Amino acid sequence: MDLRTRIALIGLGSDSRRDDGVGWGVVDALRERAVERPLPPEVELETCNGEPPRLVGLWHDVDLAVVVTSAHAYPGEPGRVVRREFDTDGLSLPATGEPHGRVLSEALELSRLLGRLPGRLMVYAVQGVDSSLGTGLSPTLAAMVESLADCVEQELVRELTPAATVGPCHS
């Protein structure tokens, strides 16, 4: 019996719609760091372009799914990060307020129907500036990718070593 905690860190969005690719940027930053400072083997780094069935496949049978995605609010605070954590029993996410809220809701409903829910879901939603077609993050989000990657990495360390004295980076 494998007693390790399995974690899927998923960058949700598109790297061809500017700030919509912030989740991919965080995953890429963690992959680059892993060359010198590997993450524990319990952590899987993935990206998803917003297909609910793909999300179901990525977070099936994990104890914790951590999703980093873009959000847009009006008026917005570009670069503001909102972290929310859910026990997936009885969970329903609002379909508005972020580009992938509907995707997350659909993926959770599909997971529920298939019996493939993750144990818990943690979402980091980053308010973007620019979701137009094209590659590259806005300067605001590009400047914060490394610090957000630090925050997510610390969160993963805390999950895998409960005695660690690492507090949450965002509310």
# chains A, B, ... in the order shown; residues from 1 in each chain; ligands from 1

$ residues_around --residues "stretch 11-26 of chain A" --least-positions-apart "4" --cutoff "9 Å" --atoms "only C-alpha atoms" --output "ChimeraX atom specification"
/A:30-31,45-50,55,66-71,99-100,124-138,141-142,145-146,148-149,152

$ select_by_dssp --residues "chain A" --states "strand (DSSP E or B)" --output "MDAnalysis selection string"
chainID A and resid 7:12 17 43:48 64:71 81:87 120:127 134

$ atom_distance --atom1 "atom CA of A:Pro75" --atom2 "atom CA of A:Met122"
24.3 Å

$ closest_residue --among "A:Leu39, A:Val56, A:Ile7, A:Ala34" --to "A:Glu106" --atoms "only C-alpha atoms"
A:Val56

$ atom_distance --atom1 "atom CA of A:Val62" --atom2 "atom CA of A:Thr161"
16.7 Å

$ select_by_dssp --residues "chain A" --states "helix (DSSP H, G or I)" --output "ChimeraX atom specification"
/A:18-34,52-59,101-114,139-142,145-160

$ closest_residue --among "A:Val123, A:Glu42, A:Pro118, A:Leu9" --to "A:Asp28" --atoms "only C-alpha atoms"
A:Leu9

$ residues_around --residues "A:Glu159" --least-positions-apart "6" --cutoff "10 Å" --atoms "only C-alpha atoms" --output "PyMOL selection string"
chain A and resi 5-7+64+153+166

$ write_last_selection --atoms "all heavy atoms" --output "JSON list (two decimals), in the first residue's frame"
[["chain", "number", "residue", "atom", "x", "y", "z"],
["A", 5, "THR", "N", 1.54, 11.00, -0.27],
["A", 5, "THR", "CA", 0.56, 11.96, -0.75],
["A", 5, "THR", "C", 0.88, 12.26, -2.21],
["A", 5, "THR", "O", 2.01, 12.62, -2.53],
["A", 5, "THR", "CB", 0.64, 13.26, 0.07],
["A", 5, "THR", "OG1", 0.35, 12.96, 1.43],
["A", 5, "THR", "CG2", -0.33, 14.30, -0.44],
["A", 6, "ARG", "N", -0.10, 12.12, -3.09],
["A", 6, "ARG", "CA", 0.10, 12.45, -4.50],
["A", 6, "ARG", "C", -0.50, 13.83, -4.76],
["A", 6, "ARG", "O", -1.62, 14.11, -4.38],
["A", 6, "ARG", "CB", -0.56, 11.41, -5.38],
["A", 6, "ARG", "CG", 0.17, 10.07, -5.32],
["A", 6, "ARG", "CD", -0.28, 9.10, -6.39],
["A", 6, "ARG", "NE", -0.13, 9.67, -7.72],
["A", 6, "ARG", "CZ", -1.14, 9.76, -8.60],
["A", 6, "ARG", "NH1", -2.33, 9.33, -8.32],
["A", 6, "ARG", "NH2", -0.93, 10.27, -9.79],
["A", 7, "ILE", "N", 0.29, 14.67, -5.43],
["A", 7, "ILE", "CA", -0.13, 16.04, -5.73],
["A", 7, "ILE", "C", 0.04, 16.30, -7.22],
["A", 7, "ILE", "O", 1.09, 15.99, -7.79],
["A", 7, "ILE", "CB", 0.71, 17.06, -4.94],
["A", 7, "ILE", "CG1", 0.51, 16.86, -3.43],
["A", 7, "ILE", "CG2", 0.35, 18.48, -5.35],
["A", 7, "ILE", "CD1", 1.39, 17.73, -2.57],
["A", 64, "LEU", "N", -4.24, 15.82, -3.66],
["A", 64, "LEU", "CA", -4.39, 17.27, -3.77],
["A", 64, "LEU", "C", -4.13, 17.70, -5.20],
["A", 64, "LEU", "O", -3.11, 17.33, -5.78],
["A", 64, "LEU", "CB", -3.41, 17.98, -2.83],
["A", 64, "LEU", "CG", -3.32, 19.49, -2.95],
["A", 64, "LEU", "CD1", -4.64, 20.16, -2.58],
["A", 64, "LEU", "CD2", -2.18, 20.02, -2.08],
["A", 153, "GLU", "N", 5.62, 26.43, -4.43],
["A", 153, "GLU", "CA", 6.61, 25.44, -3.98],
["A", 153, "GLU", "C", 6.58, 25.29, -2.45],
["A", 153, "GLU", "O", 6.60, 24.17, -1.92],
["A", 153, "GLU", "CB", 8.00, 25.84, -4.44],
["A", 153, "GLU", "CG", 9.06, 24.82, -4.12],
["A", 153, "GLU", "CD", 10.42, 25.19, -4.67],
["A", 153, "GLU", "OE1", 10.64, 26.35, -5.08],
["A", 153, "GLU", "OE2", 11.28, 24.29, -4.67],
["A", 166, "VAL", "N", 6.06, 26.67, 7.18],
["A", 166, "VAL", "CA", 5.82, 27.51, 6.02],
["A", 166, "VAL", "C", 4.35, 27.90, 6.03],
["A", 166, "VAL", "O", 3.48, 27.04, 6.05],
["A", 166, "VAL", "CB", 6.15, 26.73, 4.72],
["A", 166, "VAL", "CG1", 5.87, 27.59, 3.51],
["A", 166, "VAL", "CG2", 7.59, 26.26, 4.73]]

$ atom_distance --atom1 "atom CA of A:His72" --atom2 "atom CA of A:Val27"
20.1 Å

$ closest_residue --among "A:Glu44, A:Asp61, A:Glu32, A:Asp150" --to "A:Arg120" --atoms "only C-alpha atoms"
A:Asp61

$ closest_residue --among "A:Ala29, A:Arg80, A:Pro41, A:Leu108" --to "A:Leu58" --atoms "only C-alpha atoms"
A:Leu108

$ closest_residue --among "A:Glu51, A:Asp63, A:Glu77, A:Arg83" --to "A:Glu155" --atoms "only C-alpha atoms"
A:Arg83
